[in-house]
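Asks: Structure provided below as structure tokens; questions to follow.
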Amino acid sequence: MNKPLIAGLFLLTLSSVLNAQPNKADKAKITVEVNRPGHRIPSTLFGAFFEDINHSSDGGLYPELIRNRSFEDSDTLQNWKFINLNGASSASVINVDALYPPTGGLNVFNRKYLSIQVRGEFKLENRGFWGMSIVKGNSYTFKLAARSGEGFSAPLKVSIVSAAGTELASAEVKGFDAGWKYYTVNLTAEGSDPKARIEIGANGNGRLYMDMVSLIPDQTWKGHGLRRDLAGALNAMQPKVFRFPGGCWVEGDHFRQMNNWKKTVGNIDTRTSSWNFWGYNASRGLGFHEYLQLAEDLGAEPLFCINAGISHKDFVPMDQMGQWVQDALDAMEYANGPENSVWGSIRAKNGHPKPFSMKYIEIGNENGGDQYAERWRLIAEAIRSKYPEITLIVNNWGGYPKDPLPDLIDEHYYDNPEWFIMNTNKYDNYDRKGPKIFVGEYAVTSKTGNGNLRGAIGEAAWMTGLERNSDVVTMSAYAPLFCNVNHKVWPINLINFDSYRWYGLPGYYVQQLFAQNQGTVSLPVNVEGAPLLTFYNKGGLGLGTANNSAEFKDLKVLASDGRVLFQSDFTKNIDDWQKAGGEWLVKDGVLRQSATGTNTSVFFGDKSWTDYTITFKGRKISGDNGILVYFRNQNKDDQMRWEIGGNKNTEFVLDNGFSRQSVPGSIEAGRWYDIKVEVKGGAAKGYLDGKLIQEISNPGIKTSSICVSATNDERSGDIILKVVNAAAGAVKTEINLSGAENLTGRGKSFILTSASPLDENTMEQPTKVSPKTENVKFSGTKIILSFPGNSLTILRLQTFYKPKT
């Protein structure tokens, strides 16, 4: 995932987009040259990206019901509750590393365990990940490691209990002795409750030690230990490439938090848990082997992303990179090596004698600069020397290293719906002689509510561009996949769930429809008419900071004809300005923002203003960044901007909504600067102390409201059109199937739309925005259809073609 969280900046007011329509006199015409087939479409075009974010693994796809099962999360009883019933028992977490000598643990990798001093009756409770989903008639395996001391010999009662206190299942565990042993019982539920808990209790005297306390459903997806409904939801998307395990999770904030695949294979009690970048401890129950198995079960190509010797804050010295190189080579051997190889034998021992045949490895995640270039070279050359058949993927983060030349370039895009719609032609003129593209992460992440229809339309429009250009974009992966609704750290997530339910965003059905209707050969397509002009050319102004404090004075706004639109010497307060966080104070002719958080901005001026020049004096006081100037502002969330000293005071960023330009630069703290921004049409210029620092020009982008890709499916003979109408209203469209033969005049359409572009799916209405299927009848090679506003329509037109057997 992107370290700044969302790379996309603000573009248009939602109201302006939703009301944007083609002119009433305009109609659209789509011409598909059926008799001029183009390139073959790679089977890997549409895929998915998995990262352990939002509790997507623990508390999600990995179905362990007990949270903090091995007591590694904390030196306290985190997520457990210890209750004295009629005695003076006590419990504490023992950290082996705090002992001298460090002995007594379950094994050398599992460093913490629970010690209970038993004096009478006690009970230990765990409610799992916001409740345990228990289903009547289903069976669950309870397992723990335990040993006894000081004469403890009482049995343990293990119970699954409903939220209301009703016992749903119970069993007894006994026979403890002085050595660590595993004890297993099976529990069959006599009732259902999505918010159940487990209770473990005893009545006796002595000491009991516990570790690896586990409760897992016996019913898992394909018997491979994954939560059935969530794995099934992923499988229904039919991804053809599966990128794992991250994301920022690959790098870690520091190396001690990076995802080291070697610590995620083998017995679960020897897998080293780790603090996850996204705010919780990860058990590693879902590890390298399970990812490979999942890809195989999905019928998707596994794509492993490995650390390149770079964390968010550290670099491994080049003379110590041997371990990182070897880790990459060993990962390939684990996945693909024969049973008599070192790591191939470990894979076989873990239950998969046959190689996984992994073809893709990505070196690093969102890494760039000289440090990445030299580490890329070292790892890439080592892999190519031993595994020349492997496809190597490079990060494109401010440019990509070209020595050695990569096979694929990974590009990431997060933005609002309009950016994706306006960039559906991004790869039309891409250099076909260079490396191919892997769009490794993309999603609409802003201006889409919690994930609404409009966001899905933006993604669908973008995906038509990927399919049309799939001679150069050979793979893509939506990100991120999963989100436990109780721990949402990323704004938009495709599949949302709690302990027992899930729903997909409208965009989930976009992914599903594209994958199910991909086709095998591209067909040239041309669109005429129905122009959609979504250039945002009006709005007020704003000032702000980001994780820093700053001051402003002598503010003036002039219209293009020289009229004074606004002026302030800050002798009066700004109570009538619209504030978006921060601590704003007017004193002695200066406006000061003192808070050092994010979203510290104020907005002023008239939404009807068009072209103008803003001048003021500004100075940074303290903190990470510099000064923000907003222009063409509509509602404090939709505007363009100039960032002076952004990215921790290392660059200037000018963004007019359609284009984003960054140049190196910084400003001094405590120094007053003369700042000027000129805005005219789609052009913007930024001046510092009278010197032009940046300019960006775009007079407005015209595009059709109809975005299309067309393919032929050689397996069925169907001609497949994917048609997105990004306008608010219906567009009457003529489809000309040029050179088509053997048409049956029959077909099907799959339509994704809703009453409002703001409509969302929820737990209570999981399929409010979901596809509808209709039969299509036509004659000849022309079809007249009216595509609803804010819709995706998949047309499958049958031919008399008979597939070869």
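Chains: A, B, ... in order of the structure tokens. Residues: from 1 per chain. Ligands: from 1, in order shown.
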Considering only C-alpha atoms, return as a PyMOL selection string whatever protein or nucleic-acid residues lie within 9 Å of range 667-677 of chain A, sequence-local ones (same chain, fewer than 5 positions apart) excluded.

Replies: chain A and resi 550-552+612-623+625-626+629+631+642+644-645+649-650+684-690

Asks: Write out as a list in words which residues come within 12 Å of Pro353 in chain A when counting only C-alpha atoms, dropping same-chain ones fewer than 5 positions away.

Replies: His289, Gln293, Tyr334, Ala335, Asn336, Gly337, Pro338, Glu339, Asn340, Ser341, Trp343, Gly344, Ser345, Ile346, Arg347 and Ala348 of chain A

Asks: Work out how far CA of Trp221 in chain A is from CA of Gly519 in chain A, in Å to one decimal.

Replies: 28.3 Å

Asks: I'd like the contact shell of range 271-282 of chain A - 8 Å cut-off, only C-alpha atoms, skipping same-chain residues fewer than 4 positions apart - returned as an MDAnalysis selection string.

Replies: chainID A and resid 52:54 58 72:73 109:110 248:249 252:253 256:257 263:267 489

Asks: Take the residues from that selection and write them out as a PDB file, in the first residue's frame, keeping N, CA and C atoms.

Replies:
ATOM      1  N   ASP A  52      -2.010  -8.231   4.875  1.00  0.00           N
ATOM      2  CA  ASP A  52      -2.590  -8.347   6.208  1.00  0.00           C
ATOM      3  C   ASP A  52      -2.793  -6.943   6.748  1.00  0.00           C
ATOM      4  N   ILE A  53      -3.938  -6.371   6.394  1.00  0.00           N
ATOM      5  CA  ILE A  53      -4.338  -5.023   6.768  1.00  0.00           C
ATOM      6  C   ILE A  53      -5.795  -5.106   7.208  1.00  0.00           C
ATOM      7  N   ASN A  54      -6.224  -4.264   8.108  1.00  0.00           N
ATOM      8  CA  ASN A  54      -7.619  -4.279   8.579  1.00  0.00           C
ATOM      9  C   ASN A  54      -8.012  -5.623   9.199  1.00  0.00           C
ATOM     10  N   ASP A  58      -5.534 -12.512  10.572  1.00  0.00           N
ATOM     11  CA  ASP A  58      -6.043 -12.819  11.915  1.00  0.00           C
ATOM     12  C   ASP A  58      -7.329 -12.041  12.140  1.00  0.00           C
ATOM     13  N   GLU A  72       1.696 -13.847  22.843  1.00  0.00           N
ATOM     14  CA  GLU A  72       2.835 -13.080  22.335  1.00  0.00           C
ATOM     15  C   GLU A  72       2.509 -11.598  22.149  1.00  0.00           C
ATOM     16  N   ASP A  73       1.215 -11.237  22.180  1.00  0.00           N
ATOM     17  CA  ASP A  73       0.830  -9.861  21.848  1.00  0.00           C
ATOM     18  C   ASP A  73       1.286  -8.839  22.877  1.00  0.00           C
ATOM     19  N   PHE A 109      11.260 -20.430  19.769  1.00  0.00           N
ATOM     20  CA  PHE A 109      10.672 -19.350  18.980  1.00  0.00           C
ATOM     21  C   PHE A 109       9.466 -18.728  19.664  1.00  0.00           C
ATOM     22  N   ASN A 110       8.827 -19.473  20.538  1.00  0.00           N
ATOM     23  CA  ASN A 110       7.631 -19.002  21.233  1.00  0.00           C
ATOM     24  C   ASN A 110       8.064 -18.487  22.602  1.00  0.00           C
ATOM     25  N   CYS A 248       3.052  -2.412   2.551  1.00  0.00           N
ATOM     26  CA  CYS A 248       3.899  -1.926   3.643  1.00  0.00           C
ATOM     27  C   CYS A 248       4.285  -3.043   4.599  1.00  0.00           C
ATOM     28  N   TRP A 249       3.469  -4.086   4.641  1.00  0.00           N
ATOM     29  CA  TRP A 249       3.746  -5.246   5.483  1.00  0.00           C
ATOM     30  C   TRP A 249       5.019  -5.955   5.026  1.00  0.00           C
ATOM     31  N   GLY A 252       7.814  -3.175   6.526  1.00  0.00           N
ATOM     32  CA  GLY A 252       7.821  -2.866   7.937  1.00  0.00           C
ATOM     33  C   GLY A 252       8.343  -1.463   8.167  1.00  0.00           C
ATOM     34  N   ASP A 253       7.906  -0.848   9.261  1.00  0.00           N
ATOM     35  CA  ASP A 253       8.448   0.461   9.603  1.00  0.00           C
ATOM     36  C   ASP A 253       9.944   0.335   9.874  1.00  0.00           C
ATOM     37  N   ARG A 256      12.639  -5.191  12.101  1.00  0.00           N
ATOM     38  CA  ARG A 256      12.093  -6.166  13.040  1.00  0.00           C
ATOM     39  C   ARG A 256      10.602  -6.403  12.790  1.00  0.00           C
ATOM     40  N   GLN A 257       9.965  -5.510  12.017  1.00  0.00           N
ATOM     41  CA  GLN A 257       8.544  -5.657  11.714  1.00  0.00           C
ATOM     42  C   GLN A 257       8.295  -6.130  10.290  1.00  0.00           C
ATOM     43  N   LYS A 263       9.983 -17.085   8.669  1.00  0.00           N
ATOM     44  CA  LYS A 263       9.392 -17.172   9.998  1.00  0.00           C
ATOM     45  C   LYS A 263       7.893 -17.477   9.945  1.00  0.00           C
ATOM     46  N   THR A 264       7.385 -17.760   8.742  1.00  0.00           N
ATOM     47  CA  THR A 264       5.951 -18.001   8.592  1.00  0.00           C
ATOM     48  C   THR A 264       5.628 -19.383   8.060  1.00  0.00           C
ATOM     49  N   VAL A 265       6.613 -20.277   8.020  1.00  0.00           N
ATOM     50  CA  VAL A 265       6.362 -21.633   7.525  1.00  0.00           C
ATOM     51  C   VAL A 265       6.624 -22.635   8.651  1.00  0.00           C
ATOM     52  N   GLY A 266       6.059 -23.836   8.504  1.00  0.00           N
ATOM     53  CA  GLY A 266       6.247 -24.880   9.496  1.00  0.00           C
ATOM     54  C   GLY A 266       5.163 -24.861  10.552  1.00  0.00           C
ATOM     55  N   ASN A 267       5.441 -25.529  11.673  1.00  0.00           N
ATOM     56  CA  ASN A 267       4.469 -25.604  12.758  1.00  0.00           C
ATOM     57  C   ASN A 267       4.096 -24.211  13.239  1.00  0.00           C
ATOM     58  N   VAL A 489      -8.425   0.525   8.858  1.00  0.00           N
ATOM     59  CA  VAL A 489      -7.340   1.504   8.814  1.00  0.00           C
ATOM     60  C   VAL A 489      -7.088   1.998   7.393  1.00  0.00           C
TER      61      VAL A 489
END

Asks: Write out as a list in words which residues come within 10 Å of Gly151 in chain A when counting only C-alpha atoms, dropping same-chain ones fewer than 2 positions away.

Replies: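 Close residues of Gly151 in chain A: Ser148, Gly149, Ser153, Ala154, Asp177, Ala178, Gly204, Asn205, Gly206, Arg207 and Leu208 of chain A.
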
Asks: At a cut-off of 12 Å, using only C-alpha atoms, what residues contact Asp431 in chain A? Leave out same-chain residues fewer than 3 positions from it and give the result as a list in words.

Replies: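 Listed by chain and then number, they are Lys426, Tyr427, Asp428, Gly434, Pro435, Lys436, Ile437, Asn469, Asp471, Val472 and Val473 of chain A.
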
Asks: Deliver the residues from the most recent selection as a file, using N, CA and C atoms, as a PDB file, in the first residue's frame.

Replies:
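Result saved to selection.pdb:
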ATOM      1  N   LYS A 426      -4.856   6.188 -20.444  1.00  0.00           N
ATOM      2  CA  LYS A 426      -3.478   6.405 -19.987  1.00  0.00           C
ATOM      3  C   LYS A 426      -2.451   5.608 -20.775  1.00  0.00           C
ATOM      4  N   TYR A 427      -2.738   4.359 -21.077  1.00  0.00           N
ATOM      5  CA  TYR A 427      -1.749   3.496 -21.718  1.00  0.00           C
ATOM      6  C   TYR A 427      -1.914   3.402 -23.232  1.00  0.00           C
ATOM      7  N   ASP A 428      -2.814   4.212 -23.819  1.00  0.00           N
ATOM      8  CA  ASP A 428      -3.047   4.131 -25.263  1.00  0.00           C
ATOM      9  C   ASP A 428      -1.780   4.405 -26.060  1.00  0.00           C
ATOM     10  N   GLY A 434       9.228  -1.113 -24.542  1.00  0.00           N
ATOM     11  CA  GLY A 434       9.833  -1.232 -23.221  1.00  0.00           C
ATOM     12  C   GLY A 434       9.263  -2.396 -22.431  1.00  0.00           C
ATOM     13  N   PRO A 435       9.607  -2.471 -21.141  1.00  0.00           N
ATOM     14  CA  PRO A 435       9.058  -3.529 -20.287  1.00  0.00           C
ATOM     15  C   PRO A 435       7.541  -3.427 -20.166  1.00  0.00           C
ATOM     16  N   LYS A 436       6.894  -4.539 -19.896  1.00  0.00           N
ATOM     17  CA  LYS A 436       5.445  -4.559 -19.704  1.00  0.00           C
ATOM     18  C   LYS A 436       5.095  -4.007 -18.321  1.00  0.00           C
ATOM     19  N   ILE A 437       3.800  -3.736 -18.143  1.00  0.00           N
ATOM     20  CA  ILE A 437       3.322  -3.094 -16.921  1.00  0.00           C
ATOM     21  C   ILE A 437       2.502  -4.065 -16.088  1.00  0.00           C
ATOM     22  N   ASN A 469      -5.471  -2.089 -23.578  1.00  0.00           N
ATOM     23  CA  ASN A 469      -4.014  -1.989 -23.674  1.00  0.00           C
ATOM     24  C   ASN A 469      -3.305  -3.176 -23.044  1.00  0.00           C
ATOM     25  N   ASP A 471      -1.843  -5.500 -24.282  1.00  0.00           N
ATOM     26  CA  ASP A 471      -0.589  -5.906 -24.911  1.00  0.00           C
ATOM     27  C   ASP A 471       0.599  -5.363 -24.135  1.00  0.00           C
ATOM     28  N   VAL A 472       0.374  -4.279 -23.379  1.00  0.00           N
ATOM     29  CA  VAL A 472       1.453  -3.707 -22.568  1.00  0.00           C
ATOM     30  C   VAL A 472       1.167  -3.848 -21.076  1.00  0.00           C
ATOM     31  N   VAL A 473      -0.103  -3.757 -20.653  1.00  0.00           N
ATOM     32  CA  VAL A 473      -0.468  -4.014 -19.260  1.00  0.00           C
ATOM     33  C   VAL A 473      -0.876  -5.475 -19.171  1.00  0.00           C
TER      34      VAL A 473
END

Asks: Quick one: residues within 12 Å of Thr141 in chain A, only C-alpha atoms, excluding same-chain residues fewer than 5 positions away - as a ChimeraX atom specification?

Replies: /A:63-66,158-160,169-171,183-189,213-220,225

Asks: Any chance you can output those residues with N, CA and C atoms as a PDB file, in the first residue's frame?

Replies:
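Final file, selection_22.pdb:
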ATOM      1  N   PRO A  63      -8.940 -18.510  10.113  1.00  0.00           N
ATOM      2  CA  PRO A  63     -10.139 -18.637  10.959  1.00  0.00           C
ATOM      3  C   PRO A  63      -9.894 -18.937  12.437  1.00  0.00           C
ATOM      4  N   GLU A  64      -8.686 -18.752  12.929  1.00  0.00           N
ATOM      5  CA  GLU A  64      -8.464 -18.903  14.363  1.00  0.00           C
ATOM      6  C   GLU A  64      -9.426 -17.994  15.127  1.00  0.00           C
ATOM      7  N   LEU A  65     -10.186 -18.592  16.068  1.00  0.00           N
ATOM      8  CA  LEU A  65     -11.200 -17.824  16.791  1.00  0.00           C
ATOM      9  C   LEU A  65     -10.659 -17.162  18.056  1.00  0.00           C
ATOM     10  N   ILE A  66      -9.531 -17.643  18.567  1.00  0.00           N
ATOM     11  CA  ILE A  66      -8.957 -17.084  19.792  1.00  0.00           C
ATOM     12  C   ILE A  66      -7.929 -16.024  19.439  1.00  0.00           C
ATOM     13  N   VAL A 158     -13.490 -26.782  29.267  1.00  0.00           N
ATOM     14  CA  VAL A 158     -13.449 -25.866  28.135  1.00  0.00           C
ATOM     15  C   VAL A 158     -14.873 -25.727  27.607  1.00  0.00           C
ATOM     16  N   SER A 159     -15.377 -24.502  27.546  1.00  0.00           N
ATOM     17  CA  SER A 159     -16.764 -24.280  27.129  1.00  0.00           C
ATOM     18  C   SER A 159     -16.834 -23.175  26.085  1.00  0.00           C
ATOM     19  N   ILE A 160     -17.688 -23.389  25.084  1.00  0.00           N
ATOM     20  CA  ILE A 160     -18.083 -22.305  24.176  1.00  0.00           C
ATOM     21  C   ILE A 160     -19.404 -21.770  24.690  1.00  0.00           C
ATOM     22  N   ALA A 169     -21.258 -25.630  23.851  1.00  0.00           N
ATOM     23  CA  ALA A 169     -20.467 -26.858  23.747  1.00  0.00           C
ATOM     24  C   ALA A 169     -19.473 -26.868  24.892  1.00  0.00           C
ATOM     25  N   SER A 170     -19.078 -28.077  25.334  1.00  0.00           N
ATOM     26  CA  SER A 170     -18.089 -28.160  26.410  1.00  0.00           C
ATOM     27  C   SER A 170     -17.357 -29.486  26.345  1.00  0.00           C
ATOM     28  N   ALA A 171     -16.190 -29.509  26.934  1.00  0.00           N
ATOM     29  CA  ALA A 171     -15.385 -30.734  27.011  1.00  0.00           C
ATOM     30  C   ALA A 171     -14.408 -30.577  28.163  1.00  0.00           C
ATOM     31  N   TYR A 183      -2.820 -30.945  24.030  1.00  0.00           N
ATOM     32  CA  TYR A 183      -4.068 -31.608  24.393  1.00  0.00           C
ATOM     33  C   TYR A 183      -5.146 -31.099  23.416  1.00  0.00           C
ATOM     34  N   THR A 184      -5.905 -32.022  22.871  1.00  0.00           N
ATOM     35  CA  THR A 184      -6.887 -31.677  21.836  1.00  0.00           C
ATOM     36  C   THR A 184      -8.234 -32.284  22.165  1.00  0.00           C
ATOM     37  N   VAL A 185      -9.296 -31.496  22.015  1.00  0.00           N
ATOM     38  CA  VAL A 185     -10.662 -32.004  22.143  1.00  0.00           C
ATOM     39  C   VAL A 185     -11.497 -31.415  21.017  1.00  0.00           C
ATOM     40  N   ASN A 186     -12.573 -32.131  20.682  1.00  0.00           N
ATOM     41  CA  ASN A 186     -13.489 -31.668  19.648  1.00  0.00           C
ATOM     42  C   ASN A 186     -14.774 -31.172  20.296  1.00  0.00           C
ATOM     43  N   LEU A 187     -15.239 -30.035  19.835  1.00  0.00           N
ATOM     44  CA  LEU A 187     -16.459 -29.436  20.366  1.00  0.00           C
ATOM     45  C   LEU A 187     -17.481 -29.274  19.239  1.00  0.00           C
ATOM     46  N   THR A 188     -18.678 -29.789  19.448  1.00  0.00           N
ATOM     47  CA  THR A 188     -19.761 -29.634  18.474  1.00  0.00           C
ATOM     48  C   THR A 188     -20.820 -28.721  19.061  1.00  0.00           C
ATOM     49  N   ALA A 189     -21.142 -27.668  18.331  1.00  0.00           N
ATOM     50  CA  ALA A 189     -22.033 -26.635  18.862  1.00  0.00           C
ATOM     51  C   ALA A 189     -23.485 -27.099  18.868  1.00  0.00           C
ATOM     52  N   VAL A 213      -3.169 -21.652  22.783  1.00  0.00           N
ATOM     53  CA  VAL A 213      -4.563 -22.013  23.041  1.00  0.00           C
ATOM     54  C   VAL A 213      -5.364 -21.667  21.777  1.00  0.00           C
ATOM     55  N   SER A 214      -5.917 -22.680  21.148  1.00  0.00           N
ATOM     56  CA  SER A 214      -6.483 -22.497  19.818  1.00  0.00           C
ATOM     57  C   SER A 214      -7.889 -23.078  19.709  1.00  0.00           C
ATOM     58  N   LEU A 215      -8.747 -22.390  18.952  1.00  0.00           N
ATOM     59  CA  LEU A 215     -10.077 -22.904  18.616  1.00  0.00           C
ATOM     60  C   LEU A 215     -10.322 -22.572  17.147  1.00  0.00           C
ATOM     61  N   ILE A 216     -10.368 -23.606  16.310  1.00  0.00           N
ATOM     62  CA  ILE A 216     -10.491 -23.411  14.862  1.00  0.00           C
ATOM     63  C   ILE A 216     -11.633 -24.262  14.334  1.00  0.00           C
ATOM     64  N   PRO A 217     -12.482 -23.714  13.467  1.00  0.00           N
ATOM     65  CA  PRO A 217     -13.554 -24.515  12.867  1.00  0.00           C
ATOM     66  C   PRO A 217     -12.969 -25.674  12.058  1.00  0.00           C
ATOM     67  N   ASP A 218     -13.617 -26.806  12.124  1.00  0.00           N
ATOM     68  CA  ASP A 218     -13.182 -27.945  11.309  1.00  0.00           C
ATOM     69  C   ASP A 218     -13.584 -27.763   9.854  1.00  0.00           C
ATOM     70  N   GLN A 219     -14.615 -26.967   9.609  1.00  0.00           N
ATOM     71  CA  GLN A 219     -15.073 -26.712   8.245  1.00  0.00           C
ATOM     72  C   GLN A 219     -14.340 -25.488   7.707  1.00  0.00           C
ATOM     73  N   THR A 220     -13.357 -25.716   6.814  1.00  0.00           N
ATOM     74  CA  THR A 220     -12.606 -24.622   6.203  1.00  0.00           C
ATOM     75  C   THR A 220     -12.640 -24.776   4.686  1.00  0.00           C
ATOM     76  N   GLY A 225      -7.748 -24.716   5.667  1.00  0.00           N
ATOM     77  CA  GLY A 225      -7.573 -23.861   6.826  1.00  0.00           C
ATOM     78  C   GLY A 225      -7.885 -22.396   6.626  1.00  0.00           C
TER      79      GLY A 225
END

Asks: So which residues touch range 77-83 of chain A within 7 Å, counting only C-alpha atoms, skipping near sequence neighbours fewer than 4 positions away, as an mmCIF file with N, CA and C atoms, in the first residue's frame?

Replies:
data_model
loop_
_atom_site.group_PDB
_atom_site.id
_atom_site.type_symbol
_atom_site.label_atom_id
_atom_site.label_comp_id
_atom_site.auth_asym_id
_atom_site.auth_seq_id
_atom_site.Cartn_x
_atom_site.Cartn_y
_atom_site.Cartn_z
ATOM 1 N N ARG A 67 -8.077 -14.896 20.053
ATOM 2 C CA ARG A 67 -7.153 -13.785 19.799
ATOM 3 C C ARG A 67 -6.045 -13.801 20.841
ATOM 4 N N ASN A 68 -4.812 -13.644 20.367
ATOM 5 C CA ASN A 68 -3.623 -13.724 21.229
ATOM 6 C C ASN A 68 -3.501 -15.123 21.820
ATOM 7 N N ASP A 73 1.215 -11.237 22.180
ATOM 8 C CA ASP A 73 0.830 -9.861 21.848
ATOM 9 C C ASP A 73 1.286 -8.839 22.877
ATOM 10 N N VAL A 93 1.607 -13.323 32.422
ATOM 11 C CA VAL A 93 2.321 -13.726 31.214
ATOM 12 C C VAL A 93 3.805 -13.749 31.520
ATOM 13 N N PHE A 122 -11.080 -20.797 39.101
ATOM 14 C CA PHE A 122 -10.836 -19.642 38.246
ATOM 15 C C PHE A 122 -11.480 -19.890 36.878
ATOM 16 N N LYS A 123 -11.563 -18.828 36.121
ATOM 17 C CA LYS A 123 -12.065 -18.931 34.751
ATOM 18 C C LYS A 123 -11.289 -17.953 33.882
ATOM 19 N N LEU A 124 -10.971 -18.389 32.670
ATOM 20 C CA LEU A 124 -10.244 -17.592 31.693
ATOM 21 C C LEU A 124 -11.143 -17.434 30.467
ATOM 22 N N GLU A 125 -11.356 -16.189 30.051
ATOM 23 C CA GLU A 125 -12.262 -15.929 28.926
ATOM 24 C C GLU A 125 -11.515 -15.290 27.762
ATOM 25 N N ASN A 126 -11.962 -15.617 26.557
ATOM 26 C CA ASN A 126 -11.467 -14.967 25.348
ATOM 27 C C ASN A 126 -12.634 -14.799 24.391
#

Asks: Just give me the gap between CA of Trp180 in chain A and CA of Leu144 in chain A in Å, one decimal is fine.

Replies: 9.9 Å

Asks: Write down as JSON, numbers by chain the residues of range 357-487 of chain A whose backbone DSSP state falls under strand (DSSP E).

Replies: {"A": [360, 361, 362, 363, 391, 392, 393, 394, 395, 408, 409, 410, 411, 412, 413, 414, 415, 436, 437, 438, 439, 440, 441, 442, 443, 444, 473, 474, 475, 476, 477, 478, 482, 483, 484]}

Asks: Enter the distance from CA of Ile627 in chain A to CA of Ala683 in chain A, in Å, rounded to one decimal.

Replies: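 The value is 20.3 Å.
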
Asks: According to DSSP computed on the backbone, where in range 492-525 of chain A is there alpha helix (DSSP H)? Give the residues as a ChimeraX atom specification.

Replies: /A:506-516

Asks: Those same residues - N, CA and C atoms - I'd like them written as a PDB file, in the first residue's frame.

Replies:
ATOM      1  N   PRO A 506     -19.726  -2.191  -4.424  1.00  0.00           N
ATOM      2  CA  PRO A 506     -20.105  -2.261  -5.838  1.00  0.00           C
ATOM      3  C   PRO A 506     -18.914  -2.598  -6.727  1.00  0.00           C
ATOM      4  N   GLY A 507     -17.724  -2.106  -6.350  1.00  0.00           N
ATOM      5  CA  GLY A 507     -16.519  -2.422  -7.108  1.00  0.00           C
ATOM      6  C   GLY A 507     -16.169  -3.891  -7.094  1.00  0.00           C
ATOM      7  N   TYR A 508     -16.616  -4.628  -6.076  1.00  0.00           N
ATOM      8  CA  TYR A 508     -16.395  -6.083  -6.045  1.00  0.00           C
ATOM      9  C   TYR A 508     -17.030  -6.739  -7.266  1.00  0.00           C
ATOM     10  N   TYR A 509     -18.218  -6.269  -7.619  1.00  0.00           N
ATOM     11  CA  TYR A 509     -18.921  -6.859  -8.758  1.00  0.00           C
ATOM     12  C   TYR A 509     -18.313  -6.414 -10.085  1.00  0.00           C
ATOM     13  N   VAL A 510     -17.673  -5.243 -10.085  1.00  0.00           N
ATOM     14  CA  VAL A 510     -16.909  -4.848 -11.268  1.00  0.00           C
ATOM     15  C   VAL A 510     -15.776  -5.840 -11.501  1.00  0.00           C
ATOM     16  N   GLN A 511     -15.021  -6.142 -10.439  1.00  0.00           N
ATOM     17  CA  GLN A 511     -13.932  -7.102 -10.562  1.00  0.00           C
ATOM     18  C   GLN A 511     -14.441  -8.460 -11.037  1.00  0.00           C
ATOM     19  N   GLN A 512     -15.535  -8.881 -10.465  1.00  0.00           N
ATOM     20  CA  GLN A 512     -16.104 -10.183 -10.810  1.00  0.00           C
ATOM     21  C   GLN A 512     -16.556 -10.226 -12.274  1.00  0.00           C
ATOM     22  N   LEU A 513     -17.258  -9.178 -12.706  1.00  0.00           N
ATOM     23  CA  LEU A 513     -17.768  -9.152 -14.075  1.00  0.00           C
ATOM     24  C   LEU A 513     -16.635  -9.117 -15.096  1.00  0.00           C
ATOM     25  N   PHE A 514     -15.604  -8.336 -14.840  1.00  0.00           N
ATOM     26  CA  PHE A 514     -14.485  -8.284 -15.785  1.00  0.00           C
ATOM     27  C   PHE A 514     -13.770  -9.630 -15.866  1.00  0.00           C
ATOM     28  N   ALA A 515     -13.553 -10.281 -14.725  1.00  0.00           N
ATOM     29  CA  ALA A 515     -12.855 -11.564 -14.721  1.00  0.00           C
ATOM     30  C   ALA A 515     -13.668 -12.654 -15.392  1.00  0.00           C
ATOM     31  N   GLN A 516     -14.974 -12.644 -15.182  1.00  0.00           N
ATOM     32  CA  GLN A 516     -15.829 -13.676 -15.754  1.00  0.00           C
ATOM     33  C   GLN A 516     -16.062 -13.492 -17.250  1.00  0.00           C
TER      34      GLN A 516
END
